[in-house]
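S.K.: The structure file entry-v8.cif (mmCIF, C-alpha atoms) is provided below.
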```cif
data_run
#
loop_
_atom_site.label_atom_id
_atom_site.label_comp_id
_atom_site.auth_asym_id
_atom_site.auth_seq_id
_atom_site.Cartn_x
_atom_site.Cartn_y
_atom_site.Cartn_z
CA MET K 1 58.37 56.27 -17.63
CA LYS K 2 54.79 56.78 -16.49
CA LYS K 3 52.83 54.02 -14.84
CA LEU K 4 49.46 52.74 -16.01
CA LEU K 5 47.38 50.73 -13.57
CA ILE K 6 44.59 48.61 -15.00
CA ILE K 7 41.89 47.56 -12.57
CA LEU K 8 39.45 44.73 -13.27
CA PRO K 9 36.78 44.28 -10.61
CA ALA K 10 35.74 40.62 -10.65
CA TYR K 11 33.05 38.56 -8.98
CA ASN K 12 32.64 34.91 -9.97
CA GLU K 13 34.26 35.29 -13.38
CA GLU K 14 36.16 31.97 -13.47
CA LYS K 15 34.73 31.10 -16.89
CA VAL K 16 36.23 34.09 -18.69
CA ILE K 17 38.82 35.81 -16.49
CA GLY K 18 41.75 33.75 -17.78
CA LYS K 19 41.01 34.56 -21.44
CA VAL K 20 40.30 38.23 -20.66
CA LEU K 21 43.63 38.65 -18.86
CA PHE K 22 45.56 36.76 -21.53
CA GLU K 23 44.17 39.00 -24.29
CA LEU K 24 44.75 42.10 -22.20
CA LYS K 25 48.38 41.20 -21.56
CA SER K 26 48.90 40.40 -25.24
CA TYR K 27 47.62 43.83 -26.22
CA LEU K 28 49.57 45.71 -23.54
CA LYS K 29 52.82 44.26 -24.86
CA LYS K 30 52.30 46.57 -27.83
CA ILE K 31 52.19 49.72 -25.70
CA LYS K 32 55.72 51.02 -25.66
CA ASP K 33 55.52 54.25 -23.66
CA LEU K 34 54.20 53.07 -20.32
CA ASN K 35 54.93 50.76 -17.45
CA PHE K 36 51.78 48.84 -16.72
CA GLU K 37 50.36 46.80 -13.93
CA ILE K 38 47.18 44.76 -14.11
CA VAL K 39 45.30 44.21 -10.86
CA VAL K 40 42.19 42.09 -10.42
CA ILE K 41 40.00 43.08 -7.48
CA ASP K 42 38.41 39.81 -6.47
CA ASP K 43 35.22 40.78 -4.67
CA ALA K 44 35.04 37.68 -2.49
CA SER K 45 34.23 35.35 -5.38
CA THR K 46 32.92 31.95 -4.40
CA ASP K 47 34.40 30.25 -7.46
CA CYS K 48 37.97 29.96 -8.78
CA THR K 49 38.25 33.53 -10.09
CA LYS K 50 41.21 34.32 -7.87
CA LYS K 51 43.06 31.15 -8.83
CA LYS K 52 42.40 31.65 -12.55
CA ALA K 53 43.60 35.27 -12.40
CA ALA K 54 46.68 34.36 -10.41
CA SER K 55 47.52 31.64 -12.95
CA GLN K 56 47.97 34.44 -15.50
CA LYS K 57 50.61 35.92 -13.17
CA ILE K 58 48.41 38.87 -12.35
CA LYS K 59 48.20 40.62 -8.98
CA VAL K 60 44.94 39.86 -7.19
CA LEU K 61 43.57 41.96 -4.34
CA SER K 62 40.96 39.92 -2.53
CA HIS K 63 38.09 41.36 -0.53
CA PRO K 64 37.31 39.32 2.57
CA ILE K 65 33.58 39.98 1.99
CA ASN K 66 31.58 40.99 -1.07
CA ARG K 67 31.40 44.77 -1.41
CA GLY K 68 29.95 45.21 -4.88
CA LEU K 69 31.29 47.05 -7.92
CA GLY K 70 31.62 50.35 -6.04
CA GLY K 71 33.57 48.69 -3.24
CA ALA K 72 35.90 46.98 -5.72
CA LEU K 73 36.58 50.22 -7.60
CA PHE K 74 37.17 52.00 -4.29
CA THR K 75 39.87 49.42 -3.52
CA GLY K 76 41.34 49.97 -6.99
CA PHE K 77 41.54 53.73 -6.45
CA GLU K 78 43.10 53.26 -3.00
CA TYR K 79 45.70 50.96 -4.54
CA ALA K 80 46.39 53.48 -7.32
CA LYS K 81 46.95 56.26 -4.75
CA LEU K 82 49.20 54.02 -2.69
CA THR K 83 51.36 52.95 -5.61
CA GLY K 84 51.51 56.41 -7.21
CA ALA K 85 50.01 55.35 -10.53
CA ASP K 86 49.99 58.06 -13.20
CA PHE K 87 46.98 56.64 -14.98
CA LEU K 88 44.21 54.35 -13.85
CA LEU K 89 42.08 52.42 -16.29
CA THR K 90 39.05 50.37 -15.28
CA MET K 91 37.64 47.54 -17.39
CA ASP K 92 34.97 44.92 -16.92
CA SER K 93 36.26 41.42 -16.36
CA ASP K 94 33.46 39.66 -18.24
CA GLY K 95 35.12 40.08 -21.62
CA GLN K 96 32.80 42.71 -23.05
CA HIS K 97 35.56 45.30 -23.47
CA ASP K 98 38.06 45.10 -26.29
CA PRO K 99 41.64 45.78 -25.11
CA LYS K 100 42.32 47.37 -28.50
CA ASP K 101 40.31 50.40 -27.31
CA ILE K 102 42.82 51.11 -24.53
CA GLY K 103 45.06 53.06 -26.90
CA LYS K 104 42.19 55.35 -27.95
CA ILE K 105 41.20 55.98 -24.35
CA LEU K 106 44.71 56.68 -23.13
CA LYS K 107 45.59 58.98 -26.01
CA LEU K 108 43.64 61.94 -24.61
CA LEU K 109 45.17 61.48 -21.16
CA LEU K 110 48.69 61.17 -22.52
CA GLU K 111 48.18 64.36 -24.53
CA ASN K 112 47.04 66.03 -21.30
CA LYS K 113 43.77 67.12 -22.89
CA THR K 114 41.49 65.84 -20.15
CA ASP K 115 41.46 64.35 -16.63
CA ALA K 116 39.08 61.49 -17.29
CA VAL K 117 37.95 59.53 -20.31
CA ILE K 118 34.79 57.47 -20.54
CA GLY K 119 34.55 54.73 -23.16
CA VAL K 120 31.10 55.14 -24.65
CA ARG K 121 29.26 52.22 -26.21
CA ASN K 122 27.25 52.68 -29.38
CA ILE K 123 23.66 52.82 -28.18
CA GLN K 124 22.32 51.85 -31.60
CA LYS K 125 24.07 48.49 -31.39
CA MET K 126 22.88 47.67 -27.90
CA PRO K 127 20.20 45.10 -27.08
CA PHE K 128 16.90 46.83 -26.29
CA ASP K 129 17.00 46.34 -22.51
CA ARG K 130 20.57 47.70 -22.37
CA LYS K 131 19.49 50.75 -24.35
CA ILE K 132 16.82 51.50 -21.76
CA ILE K 133 19.24 51.04 -18.84
CA THR K 134 21.87 53.19 -20.53
CA LEU K 135 19.47 56.01 -21.34
CA ALA K 136 17.90 55.86 -17.88
CA GLY K 137 21.37 55.92 -16.29
CA SER K 138 22.44 58.93 -18.33
CA LEU K 139 19.22 60.80 -17.60
CA LEU K 140 19.35 60.01 -13.90
CA THR K 141 22.97 61.11 -13.68
CA PHE K 142 22.10 64.35 -15.44
CA LEU K 143 19.14 65.04 -13.16
CA LEU K 144 21.04 64.28 -9.97
CA PHE K 145 24.49 65.61 -10.79
CA GLY K 146 23.97 67.92 -13.74
CA VAL K 147 26.50 66.14 -15.96
CA TRP K 148 25.58 64.57 -19.30
CA CYS K 149 27.41 61.57 -20.70
CA ASP K 150 26.04 59.33 -23.46
CA ASP K 151 26.90 56.19 -21.51
CA THR K 152 27.32 56.73 -17.78
CA GLN K 153 27.06 52.99 -17.11
CA SER K 154 30.17 52.10 -19.08
CA GLY K 155 32.84 50.33 -17.07
CA PHE K 156 35.63 51.32 -19.46
CA ARG K 157 37.12 54.49 -17.98
CA ALA K 158 40.51 56.06 -17.48
CA PHE K 159 41.81 58.76 -15.16
CA ASN K 160 44.97 60.80 -14.80
CA LYS K 161 46.88 61.31 -11.57
CA GLU K 162 44.94 64.40 -10.53
CA ALA K 163 41.63 62.58 -10.96
CA ILE K 164 42.94 59.54 -9.07
CA LYS K 165 43.91 61.80 -6.18
CA LYS K 166 40.63 63.72 -6.05
CA ILE K 167 37.97 61.09 -6.72
CA GLN K 168 36.47 59.73 -3.50
CA LEU K 169 34.02 56.91 -4.17
CA LYS K 170 31.45 56.20 -1.50
CA THR K 171 28.78 54.04 -3.07
CA GLN K 172 28.85 50.26 -3.00
CA ARG K 173 27.26 48.76 -6.04
CA MET K 174 26.24 49.63 -9.60
CA GLU K 175 25.42 53.21 -8.63
CA VAL K 176 29.15 53.88 -8.63
CA SER K 177 28.94 54.34 -12.41
CA SER K 178 26.89 57.50 -11.91
CA GLU K 179 28.85 58.54 -8.83
CA PHE K 180 31.95 59.03 -10.99
CA PHE K 181 30.19 61.96 -12.65
CA ASN K 182 29.33 63.53 -9.33
CA GLU K 183 33.01 63.32 -8.42
CA ILE K 184 34.07 64.72 -11.79
CA LYS K 185 31.78 67.71 -11.28
CA ARG K 186 32.56 68.19 -7.60
CA ASN K 187 36.29 68.26 -8.28
CA LYS K 188 35.97 70.36 -11.45
CA LEU K 189 37.68 67.69 -13.54
CA LYS K 190 37.54 67.64 -17.32
CA PHE K 191 36.20 64.52 -18.99
CA ALA K 192 35.87 63.31 -22.55
CA GLN K 193 33.91 60.56 -24.24
CA VAL K 194 35.50 58.10 -26.63
CA PRO K 195 33.50 55.57 -28.66
CA ILE K 196 34.38 51.97 -27.86
CA ARG K 197 33.46 48.57 -29.21
CA VAL K 198 31.55 46.19 -26.98
CA ILE K 199 31.50 42.44 -27.33
CA TYR K 200 28.06 41.27 -26.23
CA THR K 201 27.83 37.61 -25.33
CA ASN K 202 25.18 35.71 -23.43
CA TYR K 203 27.67 35.54 -20.60
CA SER K 204 28.39 39.27 -20.44
CA ARG K 205 24.69 40.11 -20.72
CA ALA K 206 23.84 37.79 -17.86
CA LYS K 207 26.59 39.33 -15.71
CA GLY K 208 25.64 42.94 -16.40
CA GLN K 209 23.41 45.26 -14.44
CA SER K 210 20.02 43.78 -13.73
CA ASN K 211 17.03 45.55 -15.25
CA LEU K 212 15.24 45.21 -11.93
CA ASN K 213 17.64 47.00 -9.61
CA SER K 214 17.27 50.48 -11.12
CA GLY K 215 15.05 51.56 -8.22
CA LYS K 216 17.71 50.60 -5.69
CA VAL K 217 20.32 52.49 -7.69
CA LEU K 218 18.13 55.62 -7.62
CA VAL K 219 17.64 55.46 -3.84
CA ARG K 220 21.36 54.92 -3.21
CA LEU K 221 22.34 57.79 -5.49
CA PHE K 222 19.90 60.05 -3.67
CA LEU K 223 21.42 59.02 -0.36
CA ARG K 224 24.87 59.64 -1.81
CA LEU K 225 23.83 63.20 -2.59
CA SER K 226 22.67 63.67 1.00
CA ARG K 227 25.96 62.73 2.62
CA MET A 1 -2.25 64.56 38.86
CA SER A 2 -5.70 63.41 40.04
CA ASN A 3 -7.31 65.06 36.99
CA LEU A 4 -5.18 63.08 34.56
CA LEU A 5 -6.69 60.28 32.48
CA PRO A 6 -5.13 56.80 32.83
CA ILE A 7 -3.74 57.06 29.28
CA GLN A 8 -2.02 60.35 30.14
CA ILE A 9 -0.44 58.79 33.22
CA LEU A 10 0.72 55.80 31.20
CA PHE A 11 2.25 58.02 28.50
CA ALA A 12 3.84 60.27 31.13
CA PHE A 13 5.60 57.28 32.70
CA PHE A 14 6.76 56.14 29.28
CA LEU A 15 8.16 59.62 28.56
CA ILE A 16 10.01 59.69 31.89
CA PHE A 17 11.51 56.34 30.93
CA ALA A 18 12.44 57.66 27.46
CA VAL A 19 14.08 60.80 28.89
CA SER A 20 16.02 58.70 31.40
CA ARG A 21 17.35 56.54 28.51
CA VAL A 22 18.48 59.63 26.62
CA ILE A 23 20.28 61.00 29.69
CA LEU A 24 21.87 57.61 30.32
CA ARG A 25 23.12 57.34 26.70
CA ALA A 26 24.51 60.88 26.91
CA LYS A 27 26.36 60.05 30.14
CA GLU A 28 27.85 56.99 28.49
CA GLY A 29 28.95 59.18 25.60
CA ASN A 30 27.00 57.11 23.07
CA ILE A 31 25.13 60.07 21.59
CA ARG A 32 26.38 63.46 20.49
CA PRO A 33 25.22 66.68 22.25
CA SER A 34 23.11 67.59 19.20
CA SER A 35 21.32 64.22 19.33
CA PHE A 36 20.86 64.61 23.08
CA LEU A 37 19.18 68.00 22.62
CA PHE A 38 17.07 66.68 19.71
CA TRP A 39 15.69 63.74 21.68
CA ILE A 40 15.17 65.69 24.89
CA GLY A 41 13.31 68.30 22.85
CA ILE A 42 11.12 65.62 21.24
CA TRP A 43 10.21 63.97 24.55
CA VAL A 44 9.66 67.22 26.43
CA LEU A 45 7.38 68.42 23.64
CA ALA A 46 5.53 65.09 23.70
CA GLY A 47 5.19 65.34 27.50
CA PHE A 48 3.87 68.86 27.26
CA SER A 49 1.34 67.76 24.61
CA ILE A 50 0.15 64.90 26.82
CA LEU A 51 -0.16 66.87 30.01
CA GLN A 52 -1.54 70.00 28.33
CA PRO A 53 -3.61 68.68 25.38
CA GLU A 54 -5.00 72.16 24.70
CA PHE A 55 -1.50 73.14 23.64
CA THR A 56 -1.75 70.88 20.57
CA THR A 57 -5.17 72.36 19.71
CA TYR A 58 -3.72 75.85 19.94
CA LEU A 59 -0.76 74.77 17.79
CA ALA A 60 -3.08 73.07 15.27
CA LYS A 61 -5.20 76.20 14.87
CA PHE A 62 -2.09 78.31 14.55
CA ILE A 63 -0.75 76.26 11.63
CA GLY A 64 -4.15 75.74 10.03
CA ILE A 65 -4.96 72.12 10.96
CA GLY A 66 -8.35 71.42 12.49
CA ARG A 67 -7.57 69.23 15.50
CA GLY A 68 -4.64 68.96 17.89
CA THR A 69 -4.52 65.20 17.43
CA ASP A 70 -4.08 65.66 13.69
CA ALA A 71 -1.21 68.09 14.25
CA VAL A 72 0.53 65.56 16.52
CA ILE A 73 0.07 62.75 13.98
CA TYR A 74 1.35 64.89 11.09
CA ALA A 75 4.34 66.02 13.09
CA SER A 76 5.10 62.45 14.20
CA ILE A 77 4.98 61.16 10.63
CA ALA A 78 7.31 63.95 9.47
CA VAL A 79 9.77 63.17 12.29
CA LEU A 80 9.61 59.43 11.55
CA PHE A 81 10.34 60.00 7.86
CA TYR A 82 13.26 62.21 8.76
CA LEU A 83 14.64 59.64 11.17
CA ILE A 84 14.32 56.85 8.59
CA PHE A 85 16.20 59.04 6.13
CA ARG A 86 18.95 59.75 8.67
CA THR A 87 19.19 56.04 9.48
CA ASN A 88 19.60 55.24 5.79
CA VAL A 89 22.32 57.84 5.40
CA MET A 90 24.05 56.44 8.47
CA MET A 91 23.84 52.92 7.04
CA GLU A 92 25.42 54.10 3.79
CA ASP A 93 28.22 55.70 5.82
CA LEU A 94 28.73 52.43 7.70
CA ARG A 95 28.87 50.53 4.40
CA HIS A 96 31.55 52.92 3.24
CA GLU A 97 33.52 52.30 6.42
CA ILE A 98 33.26 48.56 5.72
CA ASN A 99 34.54 49.26 2.18
CA LYS A 100 37.58 50.97 3.67
CA LEU A 101 38.27 47.93 5.84
CA ALA A 102 37.80 45.57 2.89
CA ALA A 103 40.18 47.68 0.79
CA LEU A 104 42.74 47.80 3.56
CA SER A 105 42.52 44.06 4.06
CA ALA A 106 42.83 43.41 0.31
CA ILE A 107 45.81 45.72 -0.13
CA LYS A 108 47.64 44.57 2.99
CA GLY A 109 46.93 40.95 2.15
CA ILE A 110 48.87 41.07 -1.12
CA GLY A 111 51.69 38.94 0.21
CA LYS A 112 49.32 36.33 1.56
CA SER A 113 47.18 36.04 -1.56
CA ALA A 114 47.65 33.31 -4.12
CA SER A 115 48.64 35.95 -6.62
CA SER A 116 51.97 37.07 -7.78
CA SER A 117 52.79 40.52 -8.94
CA GLN A 118 53.31 41.41 -12.52
CA SER A 119 54.74 44.62 -13.80
CA LYS A 120 56.13 44.91 -17.21
CA THR A 121 58.47 47.62 -18.34
CA LYS A 122 58.84 48.47 -21.96
CA LYS A 123 61.63 50.42 -23.46
CA LYS A 124 61.37 52.61 -26.48
#
```
Hey, can you dump this file as structure tokens for me?
M.R.:
Amino acid sequence: MKKLLIILPAYNEEKVIGKVLFELKSYLKKIKDLNFEIVVIDDASTDCTKKKAASQKIKVLSHPINRGLGGALFTGFEYAKLTGADFLLTMDSDGQHDPKDIGKILKLLLENKTDAVIGVRNIQKMPFDRKIITLAGSLLTFLLFGVWCDDTQSGFRAFNKEAIKKIQLKTQRMEVSSEFFNEIKRNKLKFAQVPIRVIYTNYSRAKGQSNLNSGKVLVRLFLRLSR
Amino acid sequence: MSNLLPIQILFAFFLIFAVSRVILRAKEGNIRPSSFLFWIGIWVLAGFSILQPEFTTYLAKFIGIGRGTDAVIYASIAVLFYLIFRTNVMMEDLRHEINKLAALSAIKGIGKSASSSQSKTKKK
């Protein structure tokens, strides 16, 4: 039976992580064809995120220092390579992703139709500032890497074994979302987009990408191209 | 030497100091041969420009800039921008190395963490 690894990067998510993991586990019980493992990458949280995640009997990999979203996903990919996972799925730990979408995302990988699947949020239903960030992210990714995706900033993604093996993440923070597309292109991987539902709450909006750090993201992506 | 201006003498001493630092770093193995050649080239060129100022004027006219001083300033700014860029790239590489260490520490520390593993197998 093939193994699915689910990675949730988390930084100071004590308020929601318990509920997110509980709902995720409840949904995964319905998936019959896969072994699964949920791993929380605790990015040196200063609150009780680690304790709350562990109380759900979930494996927690703890960074000794904060490395950002890119660093946490890098750890997730390293763990996937080490454990020989067949599929790797990444989700946000702030509760904005609906576990019910996992089936839709995995379907294309299980049917061997693609190497990577990106869960794409409906831009029409996004708050205005998120729309701008999403469009800017997609445009920037296209200009820098020549790959178009409707929602490059989505944290809901899945990869097959070949993609897990080939993707080498090097960025540290939010720019990792665009870096995935550079890696997809560089390694000639196929990717597909699948519409997903997003649960916007005040909490998830506050935790998301800041509107002000887009300039930093641009500089880091440019440096990533130069390496 | 007697025809040199005080500022030229001062700069010349500074350049000798700079070249000595580059040689010292190379002997210690702290810089790569390519970096050694780059820095020696920069300082030798700077020394030549200080001791033979007409060289910069000739160079300036050759590339279409009015004065030798302007050519030196333009070239210096270009080199500084390049070095800042290289430093930024190097910092990003260092951050990635730190990521590797953080990942290694996190993965190796599984047994020590407060977590417990969970893997569920479903049968058809």
S.K.: Name the residues that the PyMOL selection byres ((chain A and resi 106) around 6) picks from the file above, as a ChimeraX atom specification, using the file's chain letters and numbers.
M.R.: /K:61-63 /A:103-105,107-109
S.K.: Using all atoms listed in the file for the distances, tell me which of K:Cys48, K:Ile123, K:Val60, K:Ala10 is nearest to chain A.
M.R.: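 Nearest candidate to chain A out of K:Cys48, K:Ile123, K:Val60, K:Ala10: K:Val60.
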S.K.: Report as a ChimeraX atom specification the full result of the PyMOL selection byres ((chain A and resi 68) around 12) when it is applied to this structure.
M.R.: /A:49-50,52-67,69-75
S.K.: Using all atoms listed in the file, find which residues of chain K lie within 8 Å of chain A and jot them down as a PyMOL selection string.
M.R.: chain K and resi 29+31-38+50-51+53-55+57-65+67+71-72+74-75+78-79+170-172+223-224+226-227
S.K.: Run the PyMOL selection byres ((chain K and resi 126) around 12) against the file shown and list the residues it catches, as a list in words.
M.R.: Val120, Arg121, Asn122, Ile123, Gln124, Lys125, Pro127, Phe128, Asp129, Arg130, Lys131, Ile132, Ile133, Thr134, Leu135, Asp151, Arg197, Val198, Ile199, Tyr200, Thr201 and Arg205 of chain K
S.K.: Give me, please, the distance in Å between atom CA of K:Leu89 and atom CA of K:Leu110, quoted to one decimal.
M.R.: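 Here the two named atoms are 12.6 Å from each other.
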S.K.: Any idea what the distance is between atom CA of K:Asn187 and atom CA of K:Met174?
M.R.: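 Value for the atom CA of K:Asn187-atom CA of K:Met174 distance: 21.2 Å.
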S.K.: Mind pulling up the distance from atom CA of K:Phe159 to atom CA of K:Ile105?
M.R.: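 Calculated distance between atom CA of K:Ile105 and atom CA of K:Phe159 is 9.6 Å.
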S.K.: Looking at K:Glu111, K:Asp98, K:Glu162, K:Glu183, which one is nearest to K:Leu24, with distances taken over all atoms listed in the file?
M.R.: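 When distances to K:Leu24 are compared using all atoms listed in the file, the smallest one comes from K:Asp98.
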S.K.: Compile the contact shell of A:Phe17 as a PyMOL selection string: residues with an atom at most 12 Å away, counting only C-alpha atoms, same-chain residues fewer than 4 positions apart removed.
M.R.: chain A and resi 10-13+21-24+40+43-44+47
S.K.: Env of K:Asp115: 9 Å cut, atoms = all atoms listed in the file, seq-sep filter 3 positions within chain, self excluded. Answer as a list of chain:residue names.
M.R.: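 The filter keeps K:Leu108, K:Leu109, K:Asn112, K:Ala158, K:Phe159, K:Asn160, K:Lys161, K:Glu162, K:Ala163, K:Ile184, K:Leu189, K:Lys190, K:Phe191, K:Ala192.
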S.K.: Looking at K:Gln193, K:Asn202, K:Asn12, K:Thr141, which one is nearest to K:Glu175, with distances taken over only C-alpha atoms?
M.R.: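 Among the listed residues, K:Thr141 lies closest to K:Glu175.
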